[in-house]
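To start, the structure under review is shown below, and the notes come after it.
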Amino acid sequence: MYDAIIAGAGPAGLMAARALKSKNILIIDPKKEIGLPLRCGEGIAAHKFQEIFGRTNFPFVKNRPTRHRIIYGPLIREFGMPMLELDRPSFEKWLAEPIKGALRLGESVRDVSVLRDSAKVMTDKGTYQAKLVILAHGAHYAIQERLGLMDQDPFILACVGGIYRCKNADPNTFTYVFDEKNKGYFWIFPKSTNLVNAGIGGFVRRTRGLNLMSLLEQHLKEHLGDAEKVSQYSGIVPAAAPIKSYSDRVMVCGNAANHVIAGTGEGIYFALKGGSIAGQTALEALEHGRADSGFLERYQRRWKKEYGKALRFGIQFRDIIALGYKYGALGGVFSGPSDDELHRMLSDEWMPPRAVAFWRIARLFGMLRSTERKRLPKSFLLTYKAVKAFLPRAP
């Protein structure tokens, strides 16, 4: 029997495993290689990365932009804040190095059942037992649903993007283009003077049936000219409130727990931080010989203390953007905040009080019913299976 089994070898799962490296652990992931395929924009705020790792001078840090540009039609807003653009596959390989002996790649966790004295993990290749399980397997909710951790239907951003060579990218600026017509946003995150990570994301309920790759190509042509595709990716990102993140012998972290800024999809920091907290809590549980929900509840208390306010900001930001799209008022959303307020929103996940007041009024009067839906009995509208059909396959 393993001390712990971790489902998922992304940032959340690898950070949990690093905290548990002294124990008998198993990390299971369907990927054939750590870090691949790439499925995100690879950006993280410099101060958040520094907080976790104590420094930023790593070879997998490919660029250090200091400016942000928001584009909405003729409106352009710019402000400063240092960022890091990673080579995420190399970063994840670095994360995996201390615990690579515990990795089992090319295997998928299908289900988890909780027994009296252990948890049973069923995969497509076998069955394993552990004293506890950490789910860090991305925005896949079937196991969480069966464990009774879901109280609403998943709400998801569908994304497509890639790495592109180009001649006219600004290497010092992260660019965000909000697309009112298609209810999404396009990003350009520079990796060097002639290489960018670019993509587009949109709310699934609003983009179903649209060809996201065609939208991406339109924005690439408009903002980058003749960009040459190096690689392509697609994926899904949670855009809902966090779920309950623990039960008997189970903890959930990263995208699997909706630990993402719902309005933007930014989640690397929360995966790293939450995975570390889950791993440390698991270590304590093993040392105390307890893995019941009463003990593991401390994991949820801890992550809420660390970044619960930031996730709440994400819900508010998502809802305000949705209202802006719905009522044609997005220009006011981006022109209203001062430069200092925009900086605080991005760096500290802080919402101006007047925006919070507006958000509360909108919720009170039912203007946001489409963005949060309580779970219908046996209704699973937006699982991975429901959206992968219209996402292009990464080569």
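Residue numbering restarts at 1 for every chain of the structure tokens, chains are lettered A, B, ... in their displayed order, and ligands are numbered from 1 as they appear.
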Original post:
What's the 12 Å shell around Phe60 in chain A, counting only C-alpha atoms, without same-chain residues fewer than 5 positions away, as an NGL selection string?
Top reply: :A and (42-43 or 84-95 or 191)
Subject >> Residue set, range 285-386 of chain A restricted to helix (DSSP H, G or I), as a ChimeraX atom specification >> reply: /A:285-288,293-327,330-335,339-348,353-364,384-386
Subject >> Top pick for closest residue to Asn197 in chain A, considering A:Gly106, A:Gly235, A:Gly41, A:Pro242 and counting only C-alpha atoms >> reply: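 Closest candidate: A:Gly41.
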Give one line per residue of range 282-309 of chain A that approaches range 129-152 of chain A to at most 9 Å, naming the two atoms of the closest pair and their distance in Å to one decimal, counting only C-alpha atoms; sort by chain then ascending residue number and deliver it as a Markdown table.
| residue | atom | partner | partner_atom | distance |
| --- | --- | --- | --- | --- |
| A:Ala282 | CA | A:Leu132 | CA | 7.6 |
| A:Ala285 | CA | A:Leu132 | CA | 8.8 |
| A:Leu286 | CA | A:Lys131 | CA | 7.8 |
| A:Arg290 | CA | A:Lys131 | CA | 8.9 |
| A:Ala291 | CA | A:Leu132 | CA | 6.5 |
Original post:
Which residues, written as a ChimeraX atom specification, have at least one atom at most 7 Å from Thr123 in chain A, with only C-alpha atoms counted and residues fewer than 4 positions away on the same chain left out?
Top reply: /A:107-111,127
Original post:
So, counting only C-alpha atoms, which residue among A:Thr173, A:Tyr2, A:Cys166, A:Gln300 is closest to Thr66 in chain A?
Top reply: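 So, comparing all the options, the nearest one is A:Thr173.
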**OP:** Please identify which residues in range 64-240 of chain A DSSP calls strand (DSSP E) from the backbone, and express them as a PyMOL selection string.
**Re:** chain A and resi 67-72+75-80+83-86+103-105+109-114+119-123+127-135+156-165+173-179+184-190+195-203+228-238
Residues of range 141-241 of chain A at most 12 Å from range 263-281 of chain A: nearest atom pair and distance in Å, only C-alpha atoms, as CSV:
residue,atom,partner,partner_atom,distance
A:Phe155,CA,A:Gly263,CA,11.2
A:Ile156,CA,A:Gly265,CA,9.5
A:Leu157,CA,A:Gly265,CA,7.5
A:Ala158,CA,A:Gly265,CA,9.8
A:Cys159,CA,A:Gly265,CA,9.4
A:Tyr176,CA,A:Thr264,CA,9.9
A:Val177,CA,A:Thr264,CA,11.7
A:Phe178,CA,A:Thr264,CA,10.9
A:Lys183,CA,A:Gly263,CA,11.8
A:Gly184,CA,A:Thr264,CA,9.7
A:Tyr185,CA,A:Thr264,CA,8.6
A:Phe186,CA,A:Thr264,CA,10.5
A:Trp187,CA,A:Thr264,CA,10.2
A:Gly199,CA,A:Gly265,CA,11.8
A:Ile200,CA,A:Thr264,CA,10.8
A:Gly201,CA,A:Gly265,CA,8.6
A:Gly202,CA,A:Thr264,CA,9.8
A:Phe203,CA,A:Gly263,CA,9.6
A:Gly235,CA,A:Gly265,CA,11.0
A:Ile236,CA,A:Gly265,CA,9.2
A:Val237,CA,A:Gly265,CA,6.0
A:Pro238,CA,A:Gly265,CA,7.1
A:Ala239,CA,A:Gly263,CA,6.6
A:Ala240,CA,A:Gly263,CA,9.0
A:Ala241,CA,A:Gly263,CA,10.8
**OP:** Identify, on the basis of only C-alpha atoms, every residue whose closest approach to Ile25 in chain A does not exceed 7 Å; exclude the query and any residue fewer than 5 positions from it along the same chain; express the result as an MDAnalysis selection string.
**Re:** chainID A and resid 2:5 102
What would the file look like if the residues just selected were written as an mmCIF file, in the first residue's frame with N, CA and C atoms?
data_model
loop_
_atom_site.group_PDB
_atom_site.id
_atom_site.type_symbol
_atom_site.label_atom_id
_atom_site.label_comp_id
_atom_site.auth_asym_id
_atom_site.auth_seq_id
_atom_site.Cartn_x
_atom_site.Cartn_y
_atom_site.Cartn_z
ATOM 1 N N TYR A 2 0.493 2.220 -0.832
ATOM 2 C CA TYR A 2 1.229 3.475 -0.892
ATOM 3 C C TYR A 2 0.778 4.394 0.242
ATOM 4 N N ASP A 3 1.674 5.267 0.663
ATOM 5 C CA ASP A 3 1.262 6.311 1.605
ATOM 6 C C ASP A 3 0.294 7.272 0.932
ATOM 7 N N ALA A 4 0.618 7.655 -0.313
ATOM 8 C CA ALA A 4 -0.245 8.582 -1.050
ATOM 9 C C ALA A 4 -0.126 8.309 -2.541
ATOM 10 N N ILE A 5 -1.245 8.461 -3.228
ATOM 11 C CA ILE A 5 -1.267 8.418 -4.687
ATOM 12 C C ILE A 5 -1.725 9.786 -5.168
ATOM 13 N N ALA A 102 8.983 8.247 -8.659
ATOM 14 C CA ALA A 102 7.611 7.899 -8.276
ATOM 15 C C ALA A 102 6.623 8.068 -9.417
#
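Shortest separation to Ala329 in chain A among A:Tyr72, A:Ala169, A:Asp292, A:Glu222 occurs at residue A:Tyr72, atoms counted being only C-alpha atoms.
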Original post:
Between A:Asn258, A:Phe365, A:Leu224, A:Ala45, which one has atoms that come closest to Glu349 in chain A, using only C-alpha atoms?
Top reply: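 The shortest atom-to-atom distance to Glu349 in chain A comes from A:Ala45.
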Subject >> Selection near Phe358 in chain A, 12 Å with only C-alpha atoms, sequence-local residues under 4 positions removed, as a PyMOL selection string >> reply: chain A and resi 316-317+319-320+323-324+333+351-354+362-365+367-368
Subject >> Gap from CA of Asp124 in chain A to CA of Pro30 in chain A - Å, one decimal >> reply: 9.6 Å
Original post:
In Å, with one decimal, what is the gap from CA of Ile321 in chain A to CA of Pro82 in chain A?
Top reply: 24.0 Å
